[in-house]
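Below is final_21.cif, holding mmCIF, C-alpha atoms.
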data_entry
loop_
_atom_site.label_atom_id
_atom_site.label_comp_id
_atom_site.auth_asym_id
_atom_site.auth_seq_id
_atom_site.Cartn_x
_atom_site.Cartn_y
_atom_site.Cartn_z
CA MET A 1 -4.72 58.76 -29.34
CA ASN A 2 -1.01 57.95 -29.66
CA ALA A 3 -0.58 58.13 -25.89
CA TYR A 4 -3.49 55.73 -25.37
CA ALA A 5 -2.11 53.33 -27.97
CA ALA A 6 1.32 53.36 -26.37
CA HIS A 7 -0.22 52.78 -22.94
CA SER A 8 -2.46 49.91 -24.06
CA GLN A 9 0.11 48.20 -26.31
CA PRO A 10 1.64 45.97 -23.58
CA ALA A 11 -1.78 44.73 -22.47
CA GLU A 12 -2.73 43.91 -26.05
CA HIS A 13 0.49 42.06 -26.86
CA GLU A 14 0.75 40.15 -23.59
CA SER A 15 -0.76 36.72 -23.98
CA PRO A 16 -3.30 35.82 -21.27
CA LEU A 17 -2.03 32.23 -21.51
CA GLU A 18 1.53 33.15 -20.59
CA HIS A 19 1.36 31.37 -17.22
CA ILE A 20 -0.29 28.26 -18.69
CA VAL A 21 2.05 27.25 -21.49
CA GLN A 22 5.34 25.48 -20.79
CA HIS A 23 8.37 27.70 -20.18
CA PRO A 24 11.64 25.98 -21.16
CA LEU A 25 14.46 26.61 -18.69
CA ILE A 26 17.14 24.39 -20.24
CA GLU A 27 17.18 23.51 -23.95
CA VAL A 28 19.68 21.66 -26.13
CA PRO A 29 19.92 21.42 -29.94
CA ALA A 30 18.19 18.27 -31.16
CA PRO A 31 16.73 18.38 -34.68
CA VAL A 32 14.54 15.26 -34.75
CA GLY A 33 11.99 16.23 -37.36
CA PRO A 34 8.41 17.33 -36.60
CA PHE A 35 8.79 16.72 -32.86
CA THR A 36 11.26 19.63 -32.64
CA PRO A 37 10.10 22.32 -35.10
CA ASN A 38 12.62 24.78 -33.60
CA GLY A 39 15.48 22.29 -33.71
CA ARG A 40 15.75 22.21 -29.91
CA ILE A 41 14.52 19.87 -27.19
CA THR A 42 13.51 20.95 -23.70
CA VAL A 43 15.55 19.24 -21.00
CA PHE A 44 14.08 21.15 -18.06
CA SER A 45 11.07 23.43 -17.80
CA ASP A 46 8.63 24.82 -15.24
CA GLN A 47 6.24 21.90 -15.80
CA ILE A 48 9.02 19.33 -15.49
CA ALA A 49 9.92 21.01 -12.20
CA MET A 50 6.32 20.53 -11.01
CA ILE A 51 6.43 16.84 -11.95
CA ALA A 52 9.67 16.41 -10.01
CA LEU A 53 8.23 18.35 -7.05
CA ALA A 54 5.14 16.13 -7.02
CA GLY A 55 7.33 13.02 -6.96
CA VAL A 56 9.52 14.38 -4.16
CA LEU A 57 6.49 15.37 -2.06
CA LEU A 58 4.88 11.96 -2.44
CA ILE A 59 8.09 10.08 -1.64
CA ALA A 60 8.83 12.29 1.37
CA LEU A 61 5.39 12.88 2.86
CA VAL A 62 3.33 9.74 2.26
CA PRO A 63 5.59 7.35 4.26
CA ALA A 64 5.79 9.87 7.09
CA LEU A 65 2.03 10.41 7.17
CA VAL A 66 1.00 6.75 7.08
CA ARG A 67 3.19 5.94 10.08
CA ARG A 68 1.04 8.08 12.38
CA ARG A 69 -0.78 5.77 14.82
CA ARG A 70 -2.90 6.28 17.93
CA GLY A 71 -0.31 4.55 20.10
CA LYS A 72 2.97 2.68 20.04
CA ALA A 73 1.90 -0.71 21.35
CA GLY A 74 -0.97 -3.16 21.13
CA VAL A 75 -4.07 -2.40 19.11
CA ASP A 76 -3.36 1.34 19.17
CA ALA A 77 -0.24 0.74 17.08
CA MET A 78 -2.47 -0.48 14.23
CA VAL A 79 -5.04 2.34 14.39
CA ALA A 80 -4.30 5.17 11.98
CA VAL A 81 -5.06 8.77 13.00
CA GLY A 82 -5.12 12.10 11.24
CA PRO A 83 -3.69 12.12 7.71
CA ALA A 84 -2.88 8.40 7.90
CA ASN A 85 -6.55 7.64 8.49
CA MET A 86 -7.53 9.74 5.48
CA LEU A 87 -4.95 8.05 3.23
CA GLU A 88 -6.05 4.60 4.33
CA ALA A 89 -9.67 5.48 3.64
CA ILE A 90 -8.81 6.66 0.12
CA CYS A 91 -6.70 3.60 -0.59
CA GLU A 92 -9.40 1.26 0.73
CA TYR A 93 -12.04 2.96 -1.40
CA LEU A 94 -9.92 2.71 -4.54
CA ARG A 95 -9.25 -0.94 -3.81
CA LYS A 96 -12.81 -2.03 -2.99
CA GLU A 97 -14.87 0.21 -5.27
CA VAL A 98 -12.55 0.78 -8.23
CA ALA A 99 -9.95 -1.97 -8.53
CA GLU A 100 -11.73 -5.13 -7.37
CA PRO A 101 -14.81 -4.80 -9.64
CA ALA A 102 -12.57 -4.42 -12.70
CA LEU A 103 -9.50 -6.49 -11.85
CA HIS A 104 -11.01 -9.32 -9.76
CA GLU A 105 -8.27 -11.84 -8.89
CA HIS A 106 -5.58 -9.52 -10.29
CA THR A 107 -6.34 -6.70 -7.84
CA ASP A 108 -3.28 -7.29 -5.65
CA ARG A 109 -1.06 -7.36 -8.71
CA PHE A 110 -2.02 -3.86 -9.91
CA ILE A 111 -3.30 -2.01 -6.83
CA LYS A 112 0.03 -0.32 -6.11
CA TYR A 113 0.10 1.09 -9.63
CA ILE A 114 -3.51 2.27 -9.25
CA TRP A 115 -2.73 4.05 -5.99
CA SER A 116 0.39 5.63 -7.48
CA VAL A 117 -1.51 6.94 -10.52
CA PHE A 118 -4.23 8.53 -8.39
CA PHE A 119 -1.99 10.28 -5.88
CA PHE A 120 0.50 11.42 -8.53
CA VAL A 121 -2.14 12.94 -10.81
CA LEU A 122 -3.93 14.51 -7.85
CA THR A 123 -0.72 16.06 -6.52
CA VAL A 124 0.26 17.47 -9.92
CA ASN A 125 -3.24 18.90 -10.41
CA ILE A 126 -3.29 20.61 -7.02
CA LEU A 127 0.24 22.01 -7.42
CA GLY A 128 -0.99 23.68 -10.60
CA LEU A 129 -3.49 25.70 -8.55
CA LEU A 130 -0.81 27.24 -6.33
CA PRO A 131 0.38 30.79 -7.27
CA ILE A 132 3.99 29.64 -7.62
CA PRO A 133 4.65 31.66 -10.83
CA VAL A 134 3.86 34.90 -8.99
CA VAL A 135 6.68 34.22 -6.53
CA SER A 136 9.15 32.81 -9.06
CA ASN A 137 8.75 35.85 -11.33
CA LEU A 138 10.24 37.97 -8.54
CA PHE A 139 13.48 36.02 -9.02
CA GLY A 140 13.53 36.39 -12.81
CA THR A 141 12.36 32.88 -13.68
CA HIS A 142 9.11 31.04 -14.30
CA LEU A 143 8.16 28.04 -12.19
CA GLY A 144 4.80 26.50 -11.46
CA GLY A 145 1.89 25.65 -13.67
CA THR A 146 -0.15 22.51 -14.18
CA ALA A 147 1.92 19.75 -15.77
CA THR A 148 -1.23 17.78 -16.63
CA GLY A 149 -2.24 20.77 -18.75
CA ASN A 150 0.45 19.63 -21.19
CA ILE A 151 -0.76 17.05 -23.69
CA TRP A 152 2.68 15.40 -23.78
CA VAL A 153 2.48 14.70 -20.05
CA THR A 154 -1.01 13.20 -20.18
CA ALA A 155 -0.08 11.27 -23.34
CA THR A 156 2.91 9.78 -21.51
CA LEU A 157 0.70 8.71 -18.61
CA ALA A 158 -1.81 7.21 -21.04
CA GLY A 159 1.02 5.52 -22.93
CA ILE A 160 2.20 3.85 -19.72
CA THR A 161 -1.34 2.57 -19.23
CA MET A 162 -1.34 1.20 -22.78
CA VAL A 163 1.92 -0.65 -22.12
CA MET A 164 0.39 -2.09 -18.94
CA MET A 165 -2.66 -3.19 -20.91
CA VAL A 166 -0.83 -4.90 -23.77
CA LEU A 167 2.07 -6.49 -21.88
CA ASN A 168 -0.05 -7.81 -19.02
CA GLY A 169 -2.76 -8.90 -21.41
CA LEU A 170 -0.24 -11.01 -23.30
CA ARG A 171 1.47 -12.21 -20.11
CA LEU A 172 -1.65 -13.14 -18.16
CA GLY A 173 -4.15 -13.82 -20.91
CA GLY A 174 -2.00 -15.14 -23.73
CA LYS A 175 -4.23 -16.56 -26.44
CA ALA A 176 -7.36 -15.31 -24.67
CA TYR A 177 -6.09 -11.73 -24.95
CA LEU A 178 -5.30 -12.11 -28.64
CA ALA A 179 -8.67 -13.76 -29.22
CA HIS A 180 -10.57 -10.74 -27.91
CA PHE A 181 -9.31 -8.74 -30.90
CA CYS A 182 -11.63 -10.89 -33.02
CA PRO A 183 -14.94 -11.13 -31.09
CA GLY A 184 -16.67 -12.93 -33.93
CA PRO A 185 -16.23 -15.54 -36.64
CA LEU A 186 -12.67 -16.06 -37.80
CA TRP A 187 -13.53 -15.11 -41.37
CA MET A 188 -14.36 -11.59 -40.11
CA ALA A 189 -10.89 -11.13 -38.61
CA PRO A 190 -9.65 -8.82 -41.42
CA LEU A 191 -12.44 -6.42 -40.47
CA LEU A 192 -12.69 -6.89 -36.70
CA VAL A 193 -9.00 -6.93 -35.79
CA PRO A 194 -8.24 -3.45 -37.25
CA VAL A 195 -11.38 -2.09 -35.58
CA GLU A 196 -10.32 -3.49 -32.20
CA ILE A 197 -6.80 -2.09 -32.59
CA ILE A 198 -8.26 1.33 -33.45
CA GLY A 199 -10.47 0.99 -30.38
CA LEU A 200 -7.42 0.30 -28.21
CA ILE A 201 -5.69 3.41 -29.52
CA ALA A 202 -8.90 5.43 -29.08
CA LYS A 203 -9.10 4.44 -25.41
CA VAL A 204 -5.58 5.68 -24.79
CA PHE A 205 -6.20 8.86 -26.82
CA ALA A 206 -9.38 9.62 -24.85
CA LEU A 207 -7.53 8.98 -21.57
CA ALA A 208 -4.87 11.54 -22.49
CA VAL A 209 -7.15 14.21 -23.97
CA ARG A 210 -9.76 14.05 -21.19
CA LEU A 211 -7.26 14.89 -18.44
CA PHE A 212 -5.44 17.49 -20.55
CA ALA A 213 -8.58 19.31 -21.71
CA ASN A 214 -10.25 19.42 -18.31
CA MET A 215 -7.15 20.69 -16.54
CA ILE A 216 -6.28 23.39 -19.04
CA ALA A 217 -9.85 24.64 -19.55
CA GLY A 218 -10.19 26.20 -16.10
CA HIS A 219 -6.76 27.82 -16.32
CA ILE A 220 -7.61 29.35 -19.69
CA LEU A 221 -10.83 30.79 -18.26
CA LEU A 222 -8.96 32.29 -15.31
CA ALA A 223 -6.27 33.70 -17.60
CA VAL A 224 -8.82 35.37 -19.87
CA LEU A 225 -10.72 36.83 -16.91
CA LEU A 226 -7.55 38.27 -15.39
CA SER A 227 -6.60 39.78 -18.75
CA PHE A 228 -9.80 41.86 -18.56
CA ILE A 229 -8.30 43.76 -15.61
CA ALA A 230 -5.23 44.86 -17.62
CA THR A 231 -7.36 45.79 -20.63
CA ALA A 232 -9.81 47.82 -18.54
CA GLY A 233 -6.98 49.43 -16.56
CA ALA A 234 -5.38 50.56 -19.81
CA ILE A 235 -8.53 52.58 -20.53
CA SER A 236 -8.96 54.12 -17.09
CA SER A 237 -8.00 53.31 -13.52
CA GLY A 238 -11.62 53.55 -12.33
CA LEU A 239 -12.82 51.08 -14.94
CA GLY A 240 -9.91 48.79 -14.12
CA PHE A 241 -10.82 48.81 -10.42
CA ALA A 242 -14.50 48.06 -11.12
CA VAL A 243 -13.72 45.25 -13.52
CA GLY A 244 -11.01 43.94 -11.21
CA ALA A 245 -13.43 43.60 -8.28
CA MET A 246 -15.83 41.52 -10.36
CA VAL A 247 -13.06 39.43 -11.89
CA VAL A 248 -11.48 38.64 -8.51
CA ALA A 249 -14.83 37.49 -7.13
CA GLY A 250 -15.42 35.31 -10.18
CA SER A 251 -11.86 33.96 -10.07
CA VAL A 252 -12.26 32.82 -6.46
CA ALA A 253 -15.40 30.88 -7.40
CA ILE A 254 -13.70 29.33 -10.43
CA THR A 255 -10.65 28.38 -8.36
CA MET A 256 -12.88 26.51 -5.91
CA LEU A 257 -14.45 24.73 -8.85
CA GLU A 258 -11.00 23.91 -10.22
CA LEU A 259 -10.04 22.33 -6.90
CA PHE A 260 -13.02 20.01 -7.25
CA VAL A 261 -12.19 19.32 -10.90
CA ALA A 262 -8.56 18.52 -10.01
CA THR A 263 -9.72 15.81 -7.59
CA LEU A 264 -12.45 14.54 -9.90
CA GLN A 265 -10.15 14.23 -12.91
CA ALA A 266 -7.55 12.35 -10.87
CA PHE A 267 -10.25 9.89 -9.88
CA ILE A 268 -11.63 9.55 -13.43
CA PHE A 269 -8.15 9.00 -14.87
CA THR A 270 -7.52 6.32 -12.23
CA PHE A 271 -10.92 4.72 -12.79
CA LEU A 272 -10.48 4.51 -16.57
CA THR A 273 -6.91 3.25 -16.18
CA THR A 274 -8.13 0.47 -13.91
CA LEU A 275 -11.01 -0.37 -16.23
CA PHE A 276 -8.81 -0.54 -19.32
CA ILE A 277 -6.27 -2.78 -17.58
CA GLY A 278 -9.11 -4.98 -16.36
CA MET A 279 -10.42 -5.33 -19.91
CA SER A 280 -6.99 -6.63 -20.92
CA VAL A 281 -6.33 -9.13 -18.12
CA VAL A 282 -9.75 -10.34 -16.92
CA PHE A 283 -11.37 -12.85 -19.27
CA HIS A 284 -13.47 -14.88 -16.83
CA HIS A 285 -14.52 -14.83 -13.22
CA GLU A 286 -16.55 -17.06 -10.96
CA ASP A 287 -20.15 -16.24 -10.21
CA HIS A 288 -21.00 -17.79 -6.81
CA GLY A 289 -18.39 -20.47 -7.48
CA GLU A 290 -20.44 -22.17 -10.20
CA HIS A 291 -20.47 -20.15 -13.38
CA HIS A 292 -17.59 -18.98 -15.53
CA GLN A 293 -18.61 -16.00 -17.61
CA ASP A 294 -17.82 -16.00 -21.29
CA PRO A 295 -14.87 -13.75 -22.26
CA HIS A 296 -16.95 -11.88 -24.83
CA ASP A 297 -19.61 -11.15 -22.18
CA VAL A 298 -16.95 -9.66 -19.91
CA VAL A 299 -15.69 -7.49 -22.76
CA GLU A 300 -19.23 -6.26 -23.46
CA VAL A 301 -19.83 -5.43 -19.79
CA ASN A 302 -16.53 -3.51 -19.65
CA ARG A 303 -17.45 -1.61 -22.80
CA GLU A 304 -20.72 -0.52 -21.18
CA GLN A 305 -18.79 0.69 -18.12
CA VAL A 306 -16.43 2.69 -20.35
CA ALA A 307 -19.36 4.25 -22.19
CA ARG A 308 -20.97 5.36 -18.93
CA ALA A 309 -17.68 6.75 -17.60
CA VAL A 310 -16.86 8.67 -20.79
#
Starting from the file, lay out its structure as structure tokens.
Amino acid sequence: MNAYAAHSQPAEHESPLEHIVQHPLIEVPAPVGPFTPNGRITVFSDQIAMIALAGVLLIALVPALVRRRRGKAGVDAMVAVGPANMLEAICEYLRKEVAEPALHEHTDRFIKYIWSVFFFVLTVNILGLLPIPVVSNLFGTHLGGTATGNIWVTATLAGITMVMMVLNGLRLGGKAYLAHFCPGPLWMAPLLVPVEIIGLIAKVFALAVRLFANMIAGHILLAVLLSFIATAGAISSGLGFAVGAMVVAGSVAITMLELFVATLQAFIFTFLTTLFIGMSVVFHHEDHGEHHQDPHDVVEVNREQVARAV
């Protein structure tokens, strides 16, 4: 009994979420209240390394890929091939089907930000599926992991979207943007304005939590499944092999599903970001050149789109 307990103790004490949580690599003392319960702030970690790697890959690879053309002169010089064709197709889809319906005349103003959000989130999500921690552990450190599985990362991305919403709403809409916080009689402003402000915060909160929860859920499931192998192996090698075969088969299927989820969540985050910005900057648009839609009608239509997306 004592021998079994000693053999199974490491498997019991090892957290199955060890490769999911952030691993600080460089920390400095910084007691700033509840944000640093241990009195230290992380300057560099495995997830920060993945964010930096995603940025470097995008900056280095995207310009090189989009320059690929069928020829060097004439019409062929304007025809994209291979990866460039795929990137152009994605960008065109995001522009025509996502940005233009929500942003209308402001599409050109925000499309570069929309493209950047999609490709950055997608790259970070996919990097989180690579077995980088397995290799880095051989060198005595921990790198890898999904940065979007950290609520602080997704909250920062959502916070940037909120800044884009408020600043551009004030800059482009002015009084019209402020007026949409009171979609009713002026005497109801003390009730409606706080509700609209809470709604603005709720949009940003949902944007952050949706990406975080969906990205970390699959990793938690994989971590728990893989922990079954160690637990079963602690009992007997035969049981560990049998459980391991089933877990590996299930893990492959879940990983394929996670690849789909990584792409889907990047698109949903981009779609909601575009929609929220559009709700802040678009207050009227022409319908066949004759009709200007009421600002409150546009807000209601956008709310219905948000409800369907969420």
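Nearest-residue note for Thr141 in chain A: choosing from A:Leu127, A:Ala202, A:Ile26, A:Val281, the minimum distance belongs to A:Ile26, counting all atoms listed in the file.
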List every residue of range 72-126 of chain A that has an atom at most 10 Å from any atom of range 160-167 of chain A, giving for each one its closest atom pair and the distance in Å to one decimal, counting only C-alpha atoms, sorted by chain and then by ascending residue number, as a Markdown table.
| residue | atom | partner | partner_atom | distance |
| --- | --- | --- | --- | --- |
| A:Phe110 | CA | A:Met164 | CA | 9.5 |
| A:Tyr113 | CA | A:Thr161 | CA | 9.8 |
| A:Val117 | CA | A:Thr161 | CA | 9.7 |
Using all atoms listed in the file, find the one residue out of A:Ala253, A:Ala213, A:Leu61, A:Ala99 that sits nearest to Ala84 in chain A. A:Leu61
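Taking CA of Val153 in chain A and CA of Lys96 in chain A as the two end points, the separation is 28.4 Å.
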Can you tell me which residues surround Gly149 in chain A at a distance of at most 7 Å, considering all atoms listed in the file, apart from same-chain residues fewer than 3 positions away, and format the answer as a count of residues only? 4
Which residue gives the smallest distance to Ile132 in chain A among A:Ser116, A:Gln47, A:Ser280, A:Thr107, with only C-alpha atoms counted? A:Gln47
The distance between CA of Phe139 in chain A and CA of Asn38 in chain A is 27.0 Å
Would you kindly translate the PyMOL selection byres ((chain A and resi 251) around 10) into the concrete residues it picks from this file, as a ChimeraX atom specification? /A:218,221-223,225-226,245-250,252-257
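The coordinates place CA of Gln265 in chain A at 19.4 Å from CA of Gly144 in chain A.
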Nearest to Arg95 in chain A, restricted to only C-alpha atoms and choosing among A:Leu25, A:Met279, A:Asn150, A:Phe271, comes out as A:Phe271
Quick one: apply the PyMOL selection byres ((chain A and resi 267) around 10) to the file and drop the selected residues here as a PyMOL selection string. chain A and resi 94+98+117-119+121-122+261-266+268-273
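Restricting the calculation to all atoms listed in the file, the smallest distance between Gly39 in chain A and any of A:Glu27, A:His219, A:Ala176, A:Thr123 is found for A:Glu27.
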When you look at Leu103 in chain A with a cut-off of 8 Å (counting all atoms listed in the file), what residues show up, excluding the ones that are within fewer than 3 positions of it in the same chain? I need them as an MDAnalysis selection string. chainID A and resid 99:100 106:107 274:275 277:278 281:282
In terms of the shortest atom-to-atom distance over all atoms listed in the file, which of A:Gly145, A:Leu53, A:Glu196, A:Asp46 is closest to Leu129 in chain A? A:Gly145
Taking the file as shown, find all residues satisfying the PyMOL selection byres ((chain A and resi 81) around 9) and write them as a PyMOL selection string. chain A and resi 66+68-70+79-80+82-86
Report the centre and edge lengths, in Å to one decimal, of an axis-aligned box enclosing every atom of range 169-178 of chain A listed in the file, padded by 8 Å on each side, as AutoDock Vina command-line options.
--center_x -2.9 --center_y -12.7 --center_z -23.4 --size_x 24.8 --size_y 23.7 --size_z 26.5
Using only C-alpha atoms, find all polymer residues with an atom at most 9 Å away from the point (5.9, 31.3, -16.8); report them as a compact mmCIF listing (two decimals) with C-alpha atoms, in the coordinates of the input.
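Below is the file that was written, result14.txt:
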# COMPACT_ATOMS: atom_id res chain seq x y z
CA GLU A 18 1.53 33.15 -20.59
CA HIS A 19 1.36 31.37 -17.22
CA ILE A 20 -0.29 28.26 -18.69
CA VAL A 21 2.05 27.25 -21.49
CA GLN A 22 5.34 25.48 -20.79
CA HIS A 23 8.37 27.70 -20.18
CA PRO A 24 11.64 25.98 -21.16
CA ASP A 46 8.63 24.82 -15.24
CA PRO A 133 4.65 31.66 -10.83
CA VAL A 134 3.86 34.90 -8.99
CA SER A 136 9.15 32.81 -9.06
CA ASN A 137 8.75 35.85 -11.33
CA THR A 141 12.36 32.88 -13.68
CA HIS A 142 9.11 31.04 -14.30
CA LEU A 143 8.16 28.04 -12.19
CA GLY A 144 4.80 26.50 -11.46
CA GLY A 145 1.89 25.65 -13.67
Since the input lacks atoms, please generate N, CA, C and O atoms for range 162-176 of chain A and provide them as a compact mmCIF listing (two decimals), in the coordinates of the input.
# COMPACT_ATOMS: atom_id res chain seq x y z
N MET A 162 -1.24 2.07 -21.61
CA MET A 162 -1.34 1.20 -22.78
C MET A 162 -0.31 0.08 -22.71
O MET A 162 -0.62 -1.08 -23.04
N VAL A 163 0.90 0.39 -22.28
CA VAL A 163 1.92 -0.65 -22.12
C VAL A 163 1.48 -1.67 -21.07
O VAL A 163 1.64 -2.89 -21.25
N MET A 164 0.90 -1.17 -19.97
CA MET A 164 0.39 -2.09 -18.94
C MET A 164 -0.70 -2.98 -19.51
O MET A 164 -0.77 -4.18 -19.20
N MET A 165 -1.57 -2.42 -20.33
CA MET A 165 -2.66 -3.19 -20.91
C MET A 165 -2.14 -4.30 -21.82
O MET A 165 -2.51 -5.47 -21.68
N VAL A 166 -1.27 -3.94 -22.75
CA VAL A 166 -0.83 -4.90 -23.77
C VAL A 166 0.09 -5.95 -23.16
O VAL A 166 -0.11 -7.16 -23.36
N LEU A 167 1.10 -5.53 -22.42
CA LEU A 167 2.07 -6.49 -21.88
C LEU A 167 1.42 -7.46 -20.90
O LEU A 167 1.64 -8.68 -20.96
N ASN A 168 0.59 -6.92 -19.99
CA ASN A 168 -0.05 -7.81 -19.02
C ASN A 168 -1.16 -8.63 -19.66
O ASN A 168 -1.43 -9.75 -19.21
N GLY A 169 -1.79 -8.10 -20.69
CA GLY A 169 -2.76 -8.90 -21.41
C GLY A 169 -2.12 -10.10 -22.07
O GLY A 169 -2.64 -11.22 -21.99
N LEU A 170 -0.97 -9.90 -22.68
CA LEU A 170 -0.24 -11.01 -23.30
C LEU A 170 0.34 -11.95 -22.24
O LEU A 170 0.33 -13.17 -22.42
N ARG A 171 0.83 -11.39 -21.14
CA ARG A 171 1.47 -12.21 -20.11
C ARG A 171 0.47 -13.03 -19.33
O ARG A 171 0.71 -14.20 -19.03
N LEU A 172 -0.68 -12.44 -19.00
CA LEU A 172 -1.65 -13.14 -18.16
C LEU A 172 -2.74 -13.82 -18.97
O LEU A 172 -3.28 -14.85 -18.54
N GLY A 173 -3.07 -13.24 -20.11
CA GLY A 173 -4.15 -13.82 -20.91
C GLY A 173 -3.68 -14.70 -22.04
O GLY A 173 -4.34 -15.67 -22.40
N GLY A 174 -2.53 -14.33 -22.63
CA GLY A 174 -2.00 -15.14 -23.73
C GLY A 174 -2.94 -15.18 -24.91
O GLY A 174 -3.33 -14.16 -25.46
N LYS A 175 -3.35 -16.40 -25.29
CA LYS A 175 -4.23 -16.56 -26.44
C LYS A 175 -5.60 -15.91 -26.22
O LYS A 175 -6.22 -15.44 -27.16
N ALA A 176 -6.06 -15.92 -24.96
CA ALA A 176 -7.36 -15.31 -24.67
C ALA A 176 -7.33 -13.81 -24.96
O ALA A 176 -8.31 -13.24 -25.44
